[in-house]
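Heads up, start26.pdb below (PDB, C-alpha atoms):
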ATOM      1  CA  MET I   1       0.000   0.000   0.000
ATOM      2  CA  SER I   2       2.692   2.445   0.894
ATOM      3  CA  ASP I   3       4.478   1.573  -2.353
ATOM      4  CA  LYS I   4       1.437   2.553  -4.379
ATOM      5  CA  ARG I   5       1.032   5.904  -2.702
ATOM      6  CA  LYS I   6       4.605   6.983  -3.312
ATOM      7  CA  PRO I   7       4.456   7.275  -7.146
ATOM      8  CA  SER I   8       1.366   9.432  -6.913
ATOM      9  CA  LYS I   9       3.213  11.900  -4.774
ATOM     10  CA  GLU I  10       6.293  11.905  -6.961
ATOM     11  CA  PRO I  11       4.941  14.160  -9.749
ATOM     12  CA  GLU I  12       4.210  16.801  -7.166
ATOM     13  CA  THR I  13       7.740  16.590  -5.945
ATOM     14  CA  GLU I  14       9.048  16.679  -9.496
ATOM     15  CA  THR I  15       6.869  19.608 -10.428
ATOM     16  CA  ASN I  16       8.030  21.395  -7.388
ATOM     17  CA  GLY I  17      11.529  20.515  -8.306
ATOM     18  CA  GLU I  18      11.160  21.959 -11.791
ATOM     19  CA  LEU I  19       9.593  25.117 -10.559
ATOM     20  CA  ASP I  20      12.062  25.344  -7.825
ATOM     21  CA  GLU I  21      14.578  26.532 -10.315
ATOM     22  CA  PRO I  22      13.345  30.169 -10.449
ATOM     23  CA  SER I  23      13.442  30.190  -6.688
ATOM     24  CA  SER I  24      17.202  30.189  -7.020
ATOM     25  CA  ALA I  25      17.019  33.713  -8.491
ATOM     26  CA  PRO I  26      18.488  36.430  -6.411
ATOM     27  CA  ASP I  27      15.090  38.057  -6.120
ATOM     28  CA  GLY I  28      13.272  36.309  -3.317
ATOM     29  CA  SER I  29       9.915  37.476  -4.518
ATOM     30  CA  ALA I  30      10.293  35.630  -7.761
ATOM     31  CA  SER I  31      11.013  32.513  -5.943
ATOM     32  CA  ALA I  32       7.982  33.103  -3.785
ATOM     33  CA  GLU I  33       5.738  33.505  -6.907
ATOM     34  CA  GLY I  34       7.322  30.486  -8.431
ATOM     35  CA  LEU I  35       6.445  28.512  -5.404
ATOM     36  CA  ASP I  36       2.870  29.817  -5.307
ATOM     37  CA  GLU I  37       2.006  28.994  -8.895
ATOM     38  CA  PRO I  38       2.876  25.335  -8.758
ATOM     39  CA  LYS I  39       0.906  25.063  -5.534
ATOM     40  CA  LEU I  40      -2.124  26.570  -7.213
ATOM     41  CA  ALA I  41      -1.689  24.278 -10.195
ATOM     42  CA  ALA I  42      -1.299  21.356  -7.909
ATOM     43  CA  GLU I  43      -4.487  22.315  -6.130
ATOM     44  CA  GLN I  44      -6.397  22.758  -9.372
ATOM     45  CA  GLU I  45      -5.064  19.687 -11.112
ATOM     46  CA  PRO I  46      -6.960  17.084  -9.081
ATOM     47  CA  ASP I  47     -10.222  18.995  -9.665
ATOM     48  CA  ALA I  48      -9.723  19.069 -13.395
ATOM     49  CA  ALA I  49      -8.804  15.416 -13.386
ATOM     50  CA  THR I  50     -11.948  14.590 -11.468
ATOM     51  CA  ASP I  51     -14.200  16.558 -13.816
ATOM     52  CA  ALA I  52     -12.657  15.189 -16.961
ATOM     53  CA  ASP I  53     -12.429  11.660 -15.699
ATOM     54  CA  ASP I  54     -12.115  10.236 -19.186
ATOM     55  CA  GLU I  55      -8.689  11.745 -19.819
ATOM     56  CA  PRO I  56      -6.689  11.817 -16.637
ATOM     57  CA  GLU I  57      -3.325  11.218 -18.253
ATOM     58  CA  HIS I  58      -3.638  14.143 -20.643
ATOM     59  CA  ASP I  59      -4.599  16.510 -17.848
ATOM     60  CA  ALA I  60      -1.826  15.315 -15.695
ATOM     61  CA  GLY I  61       0.644  15.711 -18.494
ATOM     62  CA  ASP I  62      -0.307  19.344 -19.344
ATOM     63  CA  GLY I  63       1.245  21.079 -16.539
ATOM     64  CA  ALA I  64       2.085  24.110 -18.637
ATOM     65  CA  GLU I  65      -1.381  25.731 -18.764
ATOM     66  CA  PRO I  66      -3.276  24.643 -15.691
ATOM     67  CA  GLU I  67      -5.866  27.445 -15.756
ATOM     68  CA  LYS I  68      -6.862  26.721 -19.350
ATOM     69  CA  GLN I  69      -7.036  23.076 -18.540
ATOM     70  CA  ALA I  70      -9.316  23.737 -15.630
ATOM     71  CA  GLU I  71     -11.559  25.877 -17.780
ATOM     72  CA  ASP I  72     -11.658  23.209 -20.493
ATOM     73  CA  ALA I  73     -12.429  20.532 -17.968
ATOM     74  CA  ASP I  74     -15.228  22.597 -16.469
ATOM     75  CA  ALA I  75     -16.716  23.241 -19.902
ATOM     76  CA  LEU I  76     -16.418  19.557 -20.793
ATOM     77  CA  ALA I  77     -18.080  18.472 -17.605
ATOM     78  CA  ALA I  78     -20.872  20.997 -18.049
ATOM     79  CA  GLY I  79     -21.401  19.831 -21.621
ATOM     80  CA  ARG I  80     -21.593  16.206 -20.565
ATOM     81  CA  ALA I  81     -24.035  16.992 -17.796
ATOM     82  CA  LEU I  82     -26.225  18.858 -20.272
ATOM     83  CA  GLY I  83     -26.053  15.951 -22.703
ATOM     84  CA  ARG I  84     -27.069  13.491 -19.997
ATOM     85  CA  ALA I  85     -29.984  15.694 -18.984
ATOM     86  CA  ARG I  86     -31.184  15.915 -22.593
ATOM     87  CA  ARG I  87     -30.905  12.188 -23.108
ATOM     88  CA  LYS I  88     -32.924  11.544 -19.946
ATOM     89  CA  LYS I  89     -35.626  13.955 -21.045
ATOM     90  CA  GLY I  90     -35.781  12.368 -24.494
ATOM     91  CA  LYS I  91     -36.160   8.884 -23.010
ATOM     92  CA  LYS I  92     -38.902  10.043 -20.692
ATOM     93  CA  SER I  93     -40.984  11.643 -23.414
ATOM     94  CA  ARG I  94     -40.514   8.679 -25.744
ATOM     95  CA  ARG I  95     -41.607   6.257 -23.007
ATOM     96  CA  HIS I  96     -44.622   8.389 -22.259
ATOM     97  CA  LEU I  97     -45.564   8.503 -25.903
ATOM     98  CA  SER I  98     -45.249   4.785 -26.353
ATOM     99  CA  LYS I  99     -47.428   4.144 -23.303
ATOM    100  CA  THR I 100     -50.235   6.544 -23.929
ATOM    101  CA  GLY I 101     -49.879   7.516 -27.530
ATOM    102  CA  ARG I 102     -51.194  10.910 -26.698
ATOM    103  CA  ALA I 103     -50.101  14.089 -28.320
ATOM    104  CA  GLY I 104     -49.813  15.797 -24.985
ATOM    105  CA  ALA I 105     -46.507  14.082 -24.469
ATOM    106  CA  LEU I 106     -44.874  16.057 -27.200
ATOM    107  CA  ASP I 107     -43.189  19.218 -26.145
ATOM    108  CA  ALA I 108     -44.927  22.201 -27.583
ATOM    109  CA  ALA I 109     -41.591  23.656 -28.603
ATOM    110  CA  GLU I 110     -40.538  20.453 -30.352
ATOM    111  CA  ALA I 111     -43.897  19.699 -31.971
ATOM    112  CA  PRO I 112     -44.213  20.907 -35.545
ATOM    113  CA  PRO I 113     -47.064  23.292 -36.324
ATOM    114  CA  GLY I 114     -50.394  21.452 -36.787
ATOM    115  CA  ALA I 115     -49.223  18.471 -34.755
ATOM    116  CA  ALA I 116     -52.014  18.942 -32.251
ATOM    117  CA  VAL I 117     -54.625  18.795 -35.021
ATOM    118  CA  ASP I 118     -53.009  15.671 -36.472
ATOM    119  CA  THR I 119     -53.016  13.997 -33.101
ATOM    120  CA  THR I 120     -56.641  14.869 -32.424
ATOM    121  CA  ARG I 121     -57.537  13.407 -35.795
ATOM    122  CA  ARG I 122     -55.521  10.314 -34.993
ATOM    123  CA  ASN I 123     -57.311   9.923 -31.659
ATOM    124  CA  LEU I 124     -60.663  10.260 -33.384
ATOM    125  CA  VAL I 125     -59.720   7.622 -35.934
ATOM    126  CA  LEU I 126     -58.495   5.336 -33.159
ATOM    127  CA  ALA I 127     -61.728   5.824 -31.203
ATOM    128  CA  LEU I 128     -63.756   5.170 -34.344
ATOM    129  CA  LEU I 129     -61.816   2.009 -35.140
ATOM    130  CA  THR I 130     -62.144   0.793 -31.568
ATOM    131  CA  GLY I 131     -65.888   1.426 -31.671
ATOM    132  CA  LEU I 132     -66.179  -0.400 -34.974
ATOM    133  CA  VAL I 133     -64.218  -3.378 -33.706
ATOM    134  CA  VAL I 134     -66.135  -3.601 -30.417
ATOM    135  CA  GLY I 135     -69.526  -2.973 -32.042
ATOM    136  CA  GLY I 136     -68.818  -5.343 -34.883
ATOM    137  CA  GLY I 137     -67.686  -8.045 -32.491
ATOM    138  CA  GLY I 138     -70.774  -7.626 -30.341
ATOM    139  CA  GLY I 139     -73.053  -7.587 -33.352
ATOM    140  CA  PHE I 140     -71.433 -10.674 -34.819
ATOM    141  CA  THR I 141     -71.697 -12.501 -31.489
ATOM    142  CA  ALA I 142     -75.364 -11.597 -31.110
ATOM    143  CA  GLY I 143     -76.180 -12.350 -34.740
ATOM    144  CA  TYR I 144     -74.346 -15.666 -34.756
ATOM    145  CA  PHE I 145     -75.077 -17.128 -31.327
ATOM    146  CA  LEU I 146     -78.549 -15.778 -30.512
ATOM    147  CA  PRO I 147     -80.439 -17.502 -33.378
ATOM    148  CA  ARG I 148     -78.581 -20.757 -32.639
ATOM    149  CA  TRP I 149     -79.528 -20.535 -28.993
ATOM    150  CA  LEU I 150     -83.157 -19.824 -29.877
ATOM    151  CA  ARG I 151     -83.261 -22.712 -32.374
ATOM    152  CA  ARG I 152     -81.747 -25.076 -29.813
ATOM    153  CA  ARG I 153     -84.270 -23.955 -27.216
ATOM    154  CA  GLN I 154     -87.142 -24.470 -29.640
ATOM    155  CA  ALA I 155     -85.789 -27.890 -30.599
ATOM    156  CA  GLN I 156     -85.523 -28.903 -26.953
ATOM    157  CA  ARG I 157     -89.112 -27.807 -26.429
ATOM    158  CA  ASP I 158     -90.271 -29.739 -29.501
ATOM    159  CA  MET I 159     -88.349 -32.854 -28.535
ATOM    160  CA  GLY I 160     -89.905 -33.023 -25.087
ATOM    161  CA  PRO I 161     -93.018 -35.048 -24.380
ATOM    162  CA  LEU I 162     -96.200 -33.469 -25.736
ATOM    163  CA  PRO I 163     -98.449 -32.023 -23.061
ATOM    164  CA  ARG I 164    -101.622 -33.897 -22.411
ATOM    165  CA  ALA I 165    -104.901 -32.767 -20.954
ATOM    166  CA  TYR I 166    -108.416 -34.073 -20.594
ATOM    167  CA  ILE I 167    -110.774 -31.484 -21.993
ATOM    168  CA  GLU I 168    -114.366 -32.103 -21.135
ATOM    169  CA  ILE I 169    -116.694 -31.798 -24.094
ATOM    170  CA  ALA I 170    -119.871 -29.943 -23.214
ATOM    171  CA  PRO I 171    -123.262 -30.623 -24.884
ATOM    172  CA  PHE I 172    -123.305 -27.080 -26.291
ATOM    173  CA  ASN I 173    -119.910 -27.504 -28.036
ATOM    174  CA  VAL I 174    -120.108 -27.439 -31.811
ATOM    175  CA  ARG I 175    -119.181 -30.834 -33.135
ATOM    176  CA  LYS I 176    -118.540 -32.429 -36.512
ATOM    177  CA  GLY I 177    -118.202 -36.156 -37.004
ATOM    178  CA  PRO I 178    -119.451 -39.226 -35.184
ATOM    179  CA  ASN I 179    -120.276 -39.176 -31.515
ATOM    180  CA  PRO I 180    -118.605 -41.061 -29.984
ATOM    181  CA  ALA I 181    -115.453 -41.344 -32.100
ATOM    182  CA  LYS I 182    -112.189 -43.259 -31.827
ATOM    183  CA  VAL I 183    -110.249 -40.010 -32.254
ATOM    184  CA  THR I 184    -111.605 -36.629 -31.121
ATOM    185  CA  ILE I 185    -109.834 -33.393 -32.022
ATOM    186  CA  VAL I 186    -110.624 -30.462 -29.782
ATOM    187  CA  GLU I 187    -109.863 -27.098 -31.347
ATOM    188  CA  PHE I 188    -109.616 -23.828 -29.398
ATOM    189  CA  SER I 189    -109.987 -20.875 -31.687
ATOM    190  CA  ASP I 190    -111.149 -17.326 -32.144
ATOM    191  CA  PHE I 191    -112.113 -15.721 -35.400
ATOM    192  CA  GLN I 192    -109.526 -12.960 -35.692
TER
ATOM    193  CA  MET G   1    -112.847 -39.127 -36.136
ATOM    194  CA  ALA G   2    -114.646 -36.050 -34.724
ATOM    195  CA  VAL G   3    -113.800 -32.376 -34.394
ATOM    196  CA  VAL G   4    -115.060 -30.322 -31.464
ATOM    197  CA  PHE G   5    -114.922 -26.547 -31.609
ATOM    198  CA  LYS G   6    -114.295 -24.531 -28.460
ATOM    199  CA  ASN G   7    -114.273 -20.752 -28.305
ATOM    200  CA  LEU G   8    -111.226 -18.926 -27.056
ATOM    201  CA  PRO G   9    -111.727 -15.245 -27.899
ATOM    202  CA  LEU G  10    -108.444 -13.506 -27.098
ATOM    203  CA  PRO G  11    -108.688 -10.158 -25.319
ATOM    204  CA  MET G  12    -106.432  -8.457 -27.891
ATOM    205  CA  HIS G  13    -108.948  -9.191 -30.657
ATOM    206  CA  ALA G  14    -111.712  -6.605 -30.304
ATOM    207  CA  ASN G  15    -114.427  -8.480 -32.219
ATOM    208  CA  ALA G  16    -113.486 -12.014 -31.181
ATOM    209  CA  MET G  17    -115.991 -12.198 -28.316
ATOM    210  CA  GLY G  18    -118.861 -11.068 -30.577
ATOM    211  CA  ALA G  19    -117.894 -13.729 -33.117
ATOM    212  CA  ALA G  20    -117.789 -16.414 -30.408
ATOM    213  CA  LEU G  21    -121.275 -15.400 -29.250
ATOM    214  CA  ALA G  22    -122.465 -15.498 -32.873
ATOM    215  CA  MET G  23    -121.053 -19.018 -33.219
ATOM    216  CA  GLN G  24    -122.961 -20.268 -30.187
ATOM    217  CA  ALA G  25    -126.096 -18.394 -31.212
ATOM    218  CA  ALA G  26    -125.952 -20.004 -34.674
ATOM    219  CA  ASN G  27    -125.458 -23.398 -33.014
ATOM    220  CA  ARG G  28    -128.849 -22.998 -31.398
ATOM    221  CA  GLN G  29    -130.314 -23.027 -34.878
ATOM    222  CA  GLY G  30    -128.125 -25.937 -36.023
ATOM    223  CA  LYS G  31    -126.086 -23.855 -38.443
ATOM    224  CA  ALA G  32    -122.905 -23.256 -36.440
ATOM    225  CA  TRP G  33    -120.481 -24.582 -39.065
ATOM    226  CA  GLN G  34    -122.000 -22.458 -41.815
ATOM    227  CA  MET G  35    -121.638 -19.390 -39.583
ATOM    228  CA  HIS G  36    -118.134 -20.547 -38.629
ATOM    229  CA  ASP G  37    -117.031 -20.690 -42.251
ATOM    230  CA  LYS G  38    -118.641 -17.335 -43.075
ATOM    231  CA  MET G  39    -116.885 -15.611 -40.193
ATOM    232  CA  PHE G  40    -113.509 -17.138 -41.120
ATOM    233  CA  GLU G  41    -113.988 -15.897 -44.655
ATOM    234  CA  ASN G  42    -114.520 -12.370 -43.323
ATOM    235  CA  ARG G  43    -112.098 -12.152 -40.434
ATOM    236  CA  GLU G  44    -111.557  -8.425 -40.921
ATOM    237  CA  ALA G  45    -115.271  -7.540 -40.730
ATOM    238  CA  LEU G  46    -116.830  -8.964 -37.580
ATOM    239  CA  THR G  47    -118.828  -6.087 -36.132
ATOM    240  CA  ARG G  48    -122.403  -6.667 -34.895
ATOM    241  CA  PRO G  49    -124.044  -5.482 -38.175
ATOM    242  CA  ASP G  50    -121.602  -7.687 -40.112
ATOM    243  CA  LEU G  51    -122.531 -10.723 -37.974
ATOM    244  CA  GLU G  52    -126.266 -10.111 -38.464
ATOM    245  CA  ARG G  53    -125.698  -9.857 -42.196
ATOM    246  CA  TYR G  54    -123.763 -13.145 -42.221
ATOM    247  CA  ALA G  55    -126.515 -14.778 -40.132
ATOM    248  CA  ALA G  56    -129.069 -13.742 -42.735
ATOM    249  CA  GLY G  57    -126.729 -14.992 -45.456
ATOM    250  CA  VAL G  58    -126.491 -18.516 -44.016
ATOM    251  CA  GLY G  59    -130.262 -18.709 -43.533
ATOM    252  CA  LEU G  60    -130.600 -18.069 -39.804
ATOM    253  CA  ASP G  61    -133.620 -16.502 -38.194
ATOM    254  CA  VAL G  62    -132.019 -13.131 -37.627
ATOM    255  CA  GLU G  63    -134.371 -12.025 -34.830
ATOM    256  CA  LYS G  64    -133.751 -15.233 -32.899
ATOM    257  CA  PHE G  65    -130.062 -14.916 -33.672
ATOM    258  CA  LYS G  66    -130.025 -11.362 -32.194
ATOM    259  CA  ALA G  67    -131.863 -12.558 -29.083
ATOM    260  CA  ASP G  68    -129.486 -15.507 -28.605
ATOM    261  CA  ILE G  69    -126.388 -13.307 -28.956
ATOM    262  CA  ASP G  70    -127.672 -11.181 -26.073
ATOM    263  CA  ASP G  71    -128.687 -14.225 -23.996
ATOM    264  CA  PRO G  72    -126.497 -14.533 -20.884
ATOM    265  CA  SER G  73    -126.494 -18.324 -21.162
ATOM    266  CA  VAL G  74    -124.765 -18.058 -24.554
ATOM    267  CA  LYS G  75    -122.116 -15.919 -22.934
ATOM    268  CA  GLN G  76    -121.758 -18.540 -20.185
ATOM    269  CA  GLU G  77    -121.066 -21.195 -22.820
ATOM    270  CA  VAL G  78    -118.276 -19.090 -24.239
ATOM    271  CA  GLU G  79    -116.874 -18.435 -20.787
ATOM    272  CA  ALA G  80    -116.953 -22.169 -19.993
ATOM    273  CA  ASP G  81    -114.847 -22.831 -23.109
ATOM    274  CA  MET G  82    -112.410 -20.126 -22.047
ATOM    275  CA  LYS G  83    -112.038 -21.718 -18.630
ATOM    276  CA  ALA G  84    -111.418 -25.127 -20.214
ATOM    277  CA  ALA G  85    -108.642 -23.557 -22.256
ATOM    278  CA  THR G  86    -107.068 -21.989 -19.194
ATOM    279  CA  ASP G  87    -107.281 -25.275 -17.279
ATOM    280  CA  ALA G  88    -105.567 -27.082 -20.169
ATOM    281  CA  GLY G  89    -102.771 -24.509 -20.240
ATOM    282  CA  VAL G  90    -103.719 -23.080 -23.621
ATOM    283  CA  ARG G  91    -102.427 -19.534 -24.085
ATOM    284  CA  GLY G  92    -102.922 -18.891 -27.780
ATOM    285  CA  THR G  93    -105.000 -19.833 -30.778
ATOM    286  CA  PRO G  94    -105.357 -22.061 -32.615
ATOM    287  CA  ALA G  95    -104.651 -24.948 -30.242
ATOM    288  CA  PHE G  96    -105.442 -28.580 -30.998
ATOM    289  CA  PHE G  97    -105.769 -31.609 -28.759
ATOM    290  CA  VAL G  98    -105.937 -35.041 -30.359
ATOM    291  CA  ASN G  99    -107.453 -37.458 -27.836
ATOM    292  CA  GLY G 100    -105.876 -35.270 -25.155
ATOM    293  CA  THR G 101    -102.463 -34.825 -26.758
ATOM    294  CA  GLN G 102    -101.715 -31.202 -27.560
ATOM    295  CA  MET G 103    -100.261 -30.199 -30.896
ATOM    296  CA  ARG G 104     -97.820 -27.354 -30.470
ATOM    297  CA  GLY G 105     -98.675 -24.538 -32.816
ATOM    298  CA  LEU G 106     -99.661 -25.045 -36.420
ATOM    299  CA  LYS G 107     -98.102 -28.228 -37.741
ATOM    300  CA  PRO G 108     -97.808 -29.419 -41.312
ATOM    301  CA  PRO G 109    -100.576 -31.840 -42.358
ATOM    302  CA  ASP G 110     -98.128 -34.774 -42.463
ATOM    303  CA  GLU G 111     -97.179 -34.287 -38.832
ATOM    304  CA  PHE G 112    -100.811 -33.852 -37.884
ATOM    305  CA  GLY G 113    -101.730 -37.005 -39.793
ATOM    306  CA  GLU G 114     -98.947 -38.923 -38.047
ATOM    307  CA  LEU G 115    -100.390 -38.071 -34.633
ATOM    308  CA  LEU G 116    -103.903 -38.989 -35.813
ATOM    309  CA  ASP G 117    -102.646 -42.380 -36.973
ATOM    310  CA  GLN G 118    -100.911 -43.006 -33.654
ATOM    311  CA  GLU G 119    -104.061 -42.122 -31.705
ATOM    312  CA  LEU G 120    -106.207 -44.251 -33.956
ATOM    313  CA  ALA G 121    -103.927 -47.236 -33.330
ATOM    314  CA  LYS G 122    -104.036 -46.674 -29.575
ATOM    315  CA  ALA G 123    -107.850 -46.372 -29.642
ATOM    316  CA  ASP G 124    -108.034 -49.687 -31.495
ATOM    317  CA  GLU G 125    -105.738 -51.233 -28.918
ATOM    318  CA  LEU G 126    -107.949 -49.971 -26.083
ATOM    319  CA  MET G 127    -111.063 -51.299 -27.765
ATOM    320  CA  LYS G 128    -109.360 -54.698 -28.209
ATOM    321  CA  GLN G 129    -108.785 -54.626 -24.477
ATOM    322  CA  GLY G 130    -112.530 -54.197 -23.996
ATOM    323  CA  VAL G 131    -112.848 -50.419 -23.569
ATOM    324  CA  ALA G 132    -116.163 -49.094 -24.977
ATOM    325  CA  LEU G 133    -115.976 -46.621 -27.891
ATOM    326  CA  ALA G 134    -117.796 -43.984 -25.771
ATOM    327  CA  ASP G 135    -114.966 -44.171 -23.214
ATOM    328  CA  VAL G 136    -112.027 -44.081 -25.588
ATOM    329  CA  TYR G 137    -111.677 -40.287 -25.648
ATOM    330  CA  GLU G 138    -111.735 -39.936 -21.867
ATOM    331  CA  LYS G 139    -109.467 -42.962 -21.345
ATOM    332  CA  ARG G 140    -106.858 -41.713 -23.814
ATOM    333  CA  SER G 141    -107.053 -38.100 -22.654
ATOM    334  CA  LYS G 142    -106.470 -39.024 -19.031
ATOM    335  CA  VAL G 143    -103.298 -41.019 -19.765
ATOM    336  CA  LYS G 144    -100.328 -39.121 -18.319
TER
END

Would you kindly transcribe this structure into structure tokens?
Amino acid sequence: MSDKRKPSKEPETETNGELDEPSSAPDGSASAEGLDEPKLAAEQEPDAATDADDEPEHDAGDGAEPEKQAEDADALAAGRALGRARRKKGKKSRRHLSKTGRAGALDAAEAPPGAAVDTTRRNLVLALLTGLVVGGGGGFTAGYFLPRWLRRRQAQRDMGPLPRAYIEIAPFNVRKGPNPAKVTIVEFSDFQ
Amino acid sequence: MAVVFKNLPLPMHANAMGAALAMQAANRQGKAWQMHDKMFENREALTRPDLERYAAGVGLDVEKFKADIDDPSVKQEVEADMKAATDAGVRGTPAFFVNGTQMRGLKPPDEFGELLDQELAKADELMKQGVALADVYEKRSKVK
């Protein structure tokens, strides 16, 4: 573990070493500035590396322009964040559309002019088709199964034993044929 | 083979009761079947004046016919037929019973003839067993 940490600290030491050279100038202030700059760069470098996590080696290698690097890294990170946000939004709206199929899911800004009218028309057509399918199905079911059911019911009634009844024949009943007879038909009727 | 006519004037037919009374009134003069046929020929015109005209046409004594139509006993005959229909479970017209067996609705003549043949055979069988001809109808009709 301690062996792994050492190389990571080395560049700092090297950088300091390189920048240490101006500190050998007779002017002490220069050496003080020279010391400050690398410190600032060293402080900023890890941030830039964190933001631009895809290219750590490049950032680490460009020690010459640390401020520009930091700016680039910030811009890159901001751009990526924006891209992610847009992708998320796009996914959401697409999912919503696929689930409901409604025009309301479309952003007004993104929707082309007349899209709302098209969608309303589409909804009407969909509703009409649904009504036709449901109504047609119901009509077919009723038209196909109802007569069969009625025929079967009638057949069952006809197949059953015929009802029987003793109907007393009164002296005033109008009669045709012999009396008595082997077979007597009794007819109930009205004249309309 | 004999045919017995029973009146079942349905309430939805406005002139059916008048026609039934005319049938029974004509029967009192022995001309029921002639009146029956005349009324069936003119099913759309069965008002009281129409019935009196038909009665005259078939040779009935019209004054007696008018008196019999208004006779309460004639109405009782019709009502007795209606009760017999209700007791037998008849709900519509025409309805036929062949020796007590009901025909459902109007049947083709072949089917009707088939039932007549069956009943004739059963009547013969009963008579072979010693049942008197006068009792055949009642005996067959009371078989469950």

The PyMOL selection byres ((chain I) within 6 of (chain G)) on the file shown: which residues, as a PyMOL selection string?
chain I and resi 163-166+174-178+180-192

For Asp61 of chain G, find every residue with an atom within 12 Å (counting all atoms listed in the file), except residues of its own chain fewer than 3 positions away, and show them as a ChimeraX atom specification.
/G:25-31,52-58,64-68

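For the pair atom CA of Leu82 of chain I and atom CA of Gly114 of chain I, the interatomic distance is 29.4 Å.
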
As a check of understanding: the span from atom CA of Leu60 of chain G to atom CA of Ala22 of chain G is 11.0 Å

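Between atom CA of Pro171 of chain I and atom CA of Gln34 of chain G lies a distance of 18.8 Å.
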
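Shortest atom-to-atom contact with Thr47 of chain G among G:Leu21, G:Thr86, G:Gln129, G:Val62: G:Leu21, counting all atoms listed in the file.
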
Give me the box for segment 110-119 of chain G as AutoDock Vina command-line options, namely the centre and edge lengths in Å to one decimal of a box along x, y and z that holds every listed atom plus 4 Å on each side.
--center_x -100.6 --center_y -38.4 --center_z -37.1 --size_x 14.9 --size_y 17.2 --size_z 18.8
